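Text of the file run-v6.cif, holding mmCIF, C-alpha atoms:
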data_input
#
loop_
_atom_site.label_atom_id
_atom_site.label_comp_id
_atom_site.auth_asym_id
_atom_site.auth_seq_id
_atom_site.Cartn_x
_atom_site.Cartn_y
_atom_site.Cartn_z
CA MET A 834 -17.33 2.44 0.69
CA VAL A 835 -17.64 5.74 -1.12
CA GLN A 836 -20.73 7.91 -1.12
CA TYR A 837 -21.28 8.97 -4.67
CA THR A 838 -23.15 12.17 -5.22
CA ASN A 839 -25.12 12.45 -8.43
CA THR A 840 -22.87 15.11 -9.91
CA ALA A 841 -19.78 13.08 -9.10
CA LEU A 842 -21.36 10.07 -10.75
CA ASP A 843 -22.31 12.13 -13.79
CA THR A 844 -18.75 13.38 -14.17
CA SER A 845 -17.41 9.86 -13.76
CA PHE A 846 -19.84 8.44 -16.28
CA ALA A 847 -19.11 11.17 -18.78
CA ALA A 848 -15.41 10.50 -18.34
CA LEU A 849 -16.00 6.79 -18.78
CA SER A 850 -18.23 7.09 -21.82
CA ASP A 851 -15.17 7.04 -24.06
CA VAL A 852 -13.50 3.78 -24.99
CA THR A 853 -9.97 5.25 -24.99
CA ARG A 854 -10.42 6.69 -21.51
CA ARG A 855 -11.65 3.34 -20.23
CA GLY A 856 -8.62 1.72 -21.82
CA VAL A 857 -6.34 4.29 -20.17
CA LEU A 858 -7.90 3.55 -16.77
CA GLU A 859 -7.47 -0.17 -17.24
CA GLN A 860 -3.88 0.43 -18.20
CA LEU A 861 -3.24 2.65 -15.16
CA GLY A 862 -4.91 0.06 -12.96
CA ARG A 863 -1.99 -2.20 -13.82
CA ALA A 864 0.82 0.34 -13.53
CA GLN A 865 1.35 4.07 -13.59
CA ALA A 866 2.50 5.60 -16.87
CA SER A 867 3.54 8.90 -18.39
CA ILE A 868 1.33 10.76 -20.86
CA THR A 869 3.88 10.06 -23.59
CA GLU A 870 3.77 6.33 -22.89
CA LEU A 871 -0.01 6.35 -22.93
CA ALA A 872 -0.13 8.32 -26.18
CA GLU A 873 2.15 5.76 -27.79
CA LYS A 874 0.20 2.83 -26.43
CA PHE A 875 -3.11 4.18 -27.68
CA ASN A 876 -1.66 5.38 -30.93
CA MET A 877 -2.62 9.01 -30.57
CA THR A 878 -1.06 12.44 -30.35
CA LEU A 879 0.30 13.85 -27.13
CA THR A 880 -2.30 16.64 -27.25
CA GLY A 881 -5.12 14.14 -27.70
CA MET A 882 -3.96 12.06 -24.76
CA LYS A 883 -3.52 15.19 -22.62
CA LYS A 884 -7.17 16.04 -23.22
CA HIS A 885 -8.34 12.57 -22.22
CA ILE A 886 -6.21 12.67 -19.08
CA GLY A 887 -7.64 16.12 -18.31
CA VAL A 888 -11.18 14.74 -18.39
CA LEU A 889 -10.23 11.74 -16.23
CA GLU A 890 -8.40 13.98 -13.82
CA GLN A 891 -11.35 16.33 -13.47
CA ALA A 892 -13.55 13.36 -12.65
CA GLY A 893 -11.07 12.34 -9.95
CA LEU A 894 -10.44 9.04 -11.70
CA VAL A 895 -6.80 9.82 -12.39
CA ILE A 896 -4.17 11.88 -10.63
CA THR A 897 -1.07 13.22 -12.30
CA GLU A 898 2.23 14.33 -10.91
CA LYS A 899 4.97 16.17 -12.71
CA VAL A 900 8.49 15.03 -11.98
CA GLY A 901 11.04 16.94 -14.02
CA ARG A 902 9.67 17.04 -17.53
CA VAL A 903 7.58 13.91 -17.23
CA ARG A 904 3.96 13.93 -16.14
CA THR A 905 3.09 10.61 -14.55
CA CYS A 906 -0.51 9.42 -14.36
CA LYS A 907 -2.01 7.00 -11.89
CA ILE A 908 -5.42 5.90 -10.73
CA GLY A 909 -7.09 8.59 -8.60
CA PRO A 910 -7.65 7.96 -4.92
CA GLN A 911 -11.21 9.27 -4.69
CA ARG A 912 -13.22 7.13 -7.03
CA LEU A 913 -13.38 3.57 -8.19
CA GLU A 914 -12.29 2.55 -4.75
CA GLU A 915 -13.69 -0.87 -5.46
CA ALA A 916 -10.71 -1.44 -7.69
CA THR A 917 -8.21 -0.56 -5.04
CA ALA A 918 -10.26 -1.67 -2.05
CA TRP A 919 -7.85 -4.40 -1.14
CA LEU A 920 -4.89 -2.03 -1.22
CA GLU A 921 -6.87 0.28 1.03
CA GLU A 922 -7.61 -2.58 3.42
CA TYR A 923 -3.94 -3.44 3.39
CA ARG A 924 -3.08 0.16 4.16
CA GLN A 925 -5.55 0.18 7.06
CA LEU A 926 -3.99 -2.97 8.49
CA TRP A 927 -0.51 -1.49 8.34
CA THR A 928 -1.67 1.86 9.70
CA ALA A 929 -3.23 0.06 12.66
CA ARG A 930 -0.13 -2.04 13.22
CA PHE A 931 2.23 0.90 13.03
CA ASP A 932 0.14 3.04 15.34
CA GLU A 933 0.47 0.28 17.93
CA LEU A 934 4.16 -0.07 17.13
CA ASP A 935 4.51 3.63 17.99
CA ALA A 936 3.43 2.81 21.54
CA VAL A 937 5.95 -0.04 21.80
CA ILE A 938 8.73 2.26 20.57
CA GLU A 939 7.71 4.94 23.04
CA ASP A 940 7.91 2.38 25.87
CA LEU A 941 11.32 1.20 24.75
CA LYS A 942 12.59 4.77 24.56
CA GLN A 943 11.41 5.44 28.10
CA ARG A 944 12.98 2.21 29.31
CA LYS A 945 16.33 3.02 27.66
CA LYS A 946 16.30 6.50 29.13
CA PHE A 947 15.63 5.02 32.56
CA ASP A 948 18.36 2.38 32.15
CA GLY A 949 20.79 5.03 30.91
CA ARG A 950 20.10 7.16 33.95
CA LYS A 951 20.59 4.19 36.24
CA LYS A 952 23.95 3.35 34.66
CA ARG A 953 25.17 6.90 35.10
CA GLU A 954 24.19 7.06 38.75
CA MET B 714 6.66 13.36 -1.52
CA ASP B 715 4.67 11.82 1.30
CA ALA B 716 7.50 11.40 3.74
CA LYS B 717 7.96 15.11 4.20
CA LYS B 718 4.36 15.89 4.99
CA GLU B 719 4.06 13.83 8.12
CA SER B 720 3.89 16.60 10.63
CA GLU B 721 0.54 17.98 9.61
CA PRO B 722 -0.95 19.59 12.69
CA THR B 723 -4.26 17.73 12.36
CA THR B 724 -2.71 14.28 12.61
CA MET B 725 -0.54 13.18 15.49
CA LYS B 726 0.45 9.93 13.80
CA ASN B 727 3.01 9.61 11.07
CA ARG B 728 1.57 8.61 7.76
CA THR B 729 1.60 5.09 6.41
CA THR B 730 1.79 4.86 2.63
CA VAL B 731 1.11 1.79 0.54
CA GLU B 732 1.86 1.61 -3.13
CA ARG B 733 1.88 -1.08 -5.76
CA THR B 734 5.10 -0.02 -7.44
CA SER B 735 5.02 -2.66 -10.17
CA GLU B 736 3.09 -5.75 -11.19
CA ARG B 737 4.97 -7.78 -8.61
CA GLU B 738 5.76 -5.30 -5.87
CA LEU B 739 4.09 -3.60 -2.94
CA VAL B 740 5.85 -0.96 -0.87
CA VAL B 741 4.77 0.27 2.56
CA THR B 742 6.55 3.22 4.19
CA ARG B 743 6.32 4.79 7.63
CA THR B 744 8.50 7.00 9.82
CA PHE B 745 8.89 6.21 13.52
CA ASP B 746 9.95 8.64 16.21
CA GLY B 747 12.81 6.56 17.54
CA PRO B 748 16.27 5.31 16.61
CA ALA B 749 16.67 2.35 14.25
CA ARG B 750 17.98 0.00 16.92
CA ILE B 751 14.78 0.40 18.92
CA VAL B 752 12.50 -0.02 15.91
CA PHE B 753 14.51 -3.07 14.85
CA GLU B 754 14.16 -4.51 18.34
CA ALA B 755 10.37 -4.22 18.11
CA TRP B 756 10.48 -6.24 14.87
CA THR B 757 12.75 -8.97 16.13
CA GLN B 758 11.84 -9.70 19.75
CA PRO B 759 8.77 -11.93 20.03
CA ASP B 760 7.37 -10.33 23.20
CA LEU B 761 7.55 -6.86 21.63
CA PHE B 762 6.42 -8.05 18.19
CA LYS B 763 3.29 -9.61 19.69
CA ARG B 764 2.24 -6.26 21.09
CA TRP B 765 1.71 -4.63 17.72
CA TRP B 766 1.57 -7.16 14.88
CA GLY B 767 -2.04 -8.08 15.87
CA PRO B 768 -3.24 -5.31 15.78
CA LYS B 769 -5.75 -5.00 18.63
CA SER B 770 -7.55 -2.05 17.04
CA MET B 771 -8.60 -4.36 14.21
CA GLY B 772 -9.71 -7.11 16.55
CA MET B 773 -6.66 -9.22 15.83
CA SER B 774 -4.06 -10.64 18.14
CA LEU B 775 -1.17 -13.04 17.98
CA LEU B 776 -1.65 -16.22 19.96
CA SER B 777 1.93 -17.27 19.51
CA CYS B 778 5.03 -15.89 17.92
CA GLU B 779 8.23 -17.83 17.45
CA MET B 780 11.09 -16.12 15.70
CA ASP B 781 14.67 -17.29 15.28
CA VAL B 782 16.08 -14.08 13.86
CA ARG B 783 19.25 -15.14 12.04
CA VAL B 784 19.99 -16.13 8.46
CA GLY B 785 18.17 -19.41 7.80
CA GLY B 786 16.22 -19.12 11.08
CA LYS B 787 12.50 -19.83 10.99
CA TYR B 788 9.49 -17.91 12.24
CA ARG B 789 5.92 -18.94 12.86
CA LEU B 790 3.05 -16.64 13.78
CA VAL B 791 -0.35 -17.91 14.89
CA PHE B 792 -3.27 -15.51 15.16
CA SER B 793 -5.98 -16.06 17.75
CA GLN B 794 -8.38 -16.67 14.85
CA GLY B 795 -6.26 -19.65 13.85
CA MET B 796 -4.46 -18.24 10.82
CA GLU B 797 -0.81 -19.27 10.58
CA PHE B 798 2.06 -17.54 8.86
CA PHE B 799 5.54 -18.94 8.57
CA GLY B 800 8.80 -18.72 6.68
CA ARG B 801 12.55 -18.19 7.00
CA TYR B 802 14.82 -15.24 7.47
CA ILE B 803 17.19 -14.95 4.53
CA GLU B 804 19.01 -11.75 5.52
CA VAL B 805 19.50 -10.23 8.94
CA ILE B 806 21.56 -7.06 9.36
CA PRO B 807 21.02 -5.70 12.87
CA HIS B 808 19.32 -2.29 13.01
CA SER B 809 19.19 -1.94 9.25
CA ARG B 810 17.73 -4.79 7.20
CA LEU B 811 15.54 -7.88 7.48
CA VAL B 812 14.52 -10.17 4.64
CA TRP B 813 12.19 -13.14 5.04
CA THR B 814 10.14 -15.57 3.01
CA ASN B 815 6.39 -16.10 3.38
CA GLU B 816 5.77 -19.79 2.89
CA GLU B 817 2.28 -20.40 4.24
CA GLY B 818 0.79 -19.95 0.79
CA GLY B 819 3.22 -22.30 -0.96
CA GLU B 820 5.03 -21.14 -4.08
CA GLY B 821 3.14 -17.87 -4.54
CA GLY B 822 4.36 -16.21 -1.35
CA PRO B 823 6.29 -12.94 -1.53
CA VAL B 824 9.74 -12.18 -0.18
CA THR B 825 9.52 -9.37 2.36
CA THR B 826 12.37 -6.89 2.79
CA VAL B 827 12.26 -4.38 5.61
CA THR B 828 14.85 -1.62 5.82
CA PHE B 829 15.39 0.71 8.76
CA GLU B 830 17.02 4.01 7.93
CA GLU B 831 17.83 6.35 10.80
CA LYS B 832 17.91 10.09 10.30
CA GLY B 833 18.04 12.62 13.10
CA GLY B 834 16.77 10.20 15.74
CA LYS B 835 13.85 9.08 13.57
CA THR B 836 13.62 5.93 11.52
CA LEU B 837 12.25 5.62 8.04
CA LEU B 838 10.91 2.12 7.60
CA VAL B 839 10.37 0.72 4.13
CA MET B 840 8.70 -2.64 3.73
CA HIS B 841 8.96 -4.11 0.28
CA GLU B 842 7.09 -7.23 -0.81
CA LEU B 843 8.20 -8.90 -4.01
CA TYR B 844 5.84 -11.52 -5.41
CA PRO B 845 7.00 -14.25 -7.79
CA SER B 846 4.52 -13.10 -10.44
CA LYS B 847 1.83 -10.55 -11.18
CA GLU B 848 -0.75 -13.30 -10.75
CA ALA B 849 0.52 -14.04 -7.26
CA LEU B 850 0.17 -10.42 -6.21
CA ASP B 851 -3.26 -10.13 -7.84
CA ALA B 852 -4.32 -13.25 -5.98
CA ALA B 853 -3.04 -11.78 -2.71
CA GLY B 854 -5.78 -9.20 -2.88
CA THR B 855 -8.67 -9.46 -5.22
CA GLY B 856 -6.37 -7.90 -7.78
CA ALA B 857 -6.66 -4.25 -8.69
CA ALA B 858 -6.60 -4.88 -12.41
CA ASP B 859 -9.18 -7.66 -12.27
CA ALA B 860 -11.53 -5.65 -10.09
CA MET B 861 -11.12 -2.77 -12.48
CA GLY B 862 -12.04 -4.93 -15.46
CA GLU B 863 -15.10 -6.20 -13.65
CA LEU B 864 -16.13 -2.70 -12.68
CA PHE B 865 -15.83 -1.50 -16.26
CA GLY B 866 -18.03 -4.40 -17.33
CA GLN B 867 -20.68 -3.21 -14.89
CA LEU B 868 -20.30 0.40 -16.00
CA ASP B 869 -20.65 -0.64 -19.63
CA GLU B 870 -23.92 -2.35 -18.77
CA LEU B 871 -25.12 0.70 -16.88
CA LEU B 872 -24.15 3.01 -19.72
CA VAL B 873 -25.96 0.84 -22.24
CA ALA B 874 -29.00 0.71 -19.98
CA SER B 875 -29.09 4.45 -19.36
CA SER B 876 -28.59 5.37 -23.01
CA THR B 877 -31.39 3.02 -24.01
CA ASN B 878 -33.69 4.56 -21.42
CA ALA B 879 -32.90 8.09 -22.40
CA GLY B 880 -33.01 7.24 -26.07
CA ARG B 881 -29.98 9.42 -26.48
CA PRO B 882 -27.75 9.25 -29.53
#

Please go through the file and, once you have read it, give me the structure as structure tokens.
Amino acid sequence: MVQYTNTALDTSFAALSDVTRRGVLEQLGRAQASITELAEKFNMTLTGMKKHIGVLEQAGLVITEKVGRVRTCKIGPQRLEEATAWLEEYRQLWTARFDELDAVIEDLKQRKKFDGRKKRE
Amino acid sequence: MDAKKESEPTTMKNRTTVERTSERELVVTRTFDGPARIVFEAWTQPDLFKRWWGPKSMGMSLLSCEMDVRVGGKYRLVFSQGMEFFGRYIEVIPHSRLVWTNEEGGEGGPVTTVTFEEKGGKTLLVMHELYPSKEALDAAGTGAADAMGELFGQLDELLVASSTNAGRP
């Protein structure tokens, strides 16, 4: 599904060569979490966890988003697509459905406009 | 954050987002350029529903579609490939909310809630699927967590293999 370039693979492998980082990814594969939550779960300092997340983020394996004072981490969209392949397939199905639904809605809008005009006449 | 970025000049279509929001939940969102009553109509009238639920672009189409859209009413969808989906409506609020069961898979089926929220002539649609357990949702796909575990197993093997080859510390 994804074309890996050698450098991308190298970065991914380097990021994955650490047992904590693999644990973090497994954890995020189940549910998103904040850096604080992850630090607690893996029994390490906030700074230590921040570094690990930084490496994973650079490799595109994790994305983070800051909401207020909390930085939330989740699995990155670029790599390890195998893990989320079914979600992606699901998204494709719904995208296809909704694009066709757009056409139905457009038709209905036209029809209503036409009916409205007829009623007024 | 996604809902506001729909009108990117490169894409004509509004964006569909899918997210696993918890161990048991999937959420799909999409904005439609029409009022809620029209979008709702397209979800509740069989002849309209058949036109898009397929979808054609993925080589799918509905052979038949029966829907008795009222609380306790049943629905049954049959795809041309033979797959059948059925269940009951458990909440019907015109132009704003639909809730139904998915019973074709027995006990493990999710409850689907669709809400239609109109704003400035557009409708934000949120489809929420709540599974009875994490296992049921994992089984619905191949399971993100399981696939991840498997992938790490493979990566471990690769890492072991490559470090042996390179004789690195």

Considering only C-alpha atoms, state which residue in the set B:Thr734, B:Leu837, B:Glu754, B:Arg764 is at the smallest distance from Lys907 in chain A. B:Thr734

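Computed from the coordinates, the CA of Val839 in chain B to CA of Gly949 in chain A distance equals 29.1 Å.
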
Convert the output of the PyMOL selection byres ((chain A and resi 890-905) around 7) on the shown file into explicit residues, formatted as a CSV table (one decimal) with C-alpha atoms, in the frame of the given file.
chain,number,residue,atom,x,y,z
A,844,THR,CA,-18.8,13.4,-14.2
A,845,SER,CA,-17.4,9.9,-13.8
A,848,ALA,CA,-15.4,10.5,-18.3
A,865,GLN,CA,1.4,4.1,-13.6
A,866,ALA,CA,2.5,5.6,-16.9
A,867,SER,CA,3.5,8.9,-18.4
A,868,ILE,CA,1.3,10.8,-20.9
A,886,ILE,CA,-6.2,12.7,-19.1
A,887,GLY,CA,-7.6,16.1,-18.3
A,888,VAL,CA,-11.2,14.7,-18.4
A,889,LEU,CA,-10.2,11.7,-16.2
A,906,CYS,CA,-0.5,9.4,-14.4
A,907,LYS,CA,-2.0,7.0,-11.9
A,908,ILE,CA,-5.4,5.9,-10.7
A,909,GLY,CA,-7.1,8.6,-8.6
A,911,GLN,CA,-11.2,9.3,-4.7
A,912,ARG,CA,-13.2,7.1,-7.0

Would you pick out the contacts of range 779-795 of chain B at 7 Å or less, using all atoms listed in the file, so that residues sharing its chain but fewer than 6 positions from it are not included, and give the list as a ChimeraX atom specification? /B:757,759,801-805

Would you pick out the contacts of range 743-750 of chain B at 9 Å or less, using all atoms listed in the file, so that residues sharing its chain but fewer than 4 positions from it are not included, and give the list as number ranges by chain? A: 928, 931, 934-935, 938-939, 942; B: 716, 719, 727-730, 754-755, 807-809, 829-840

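The coordinates place CA of Ile751 in chain B at 14.4 Å from CA of Val827 in chain B.
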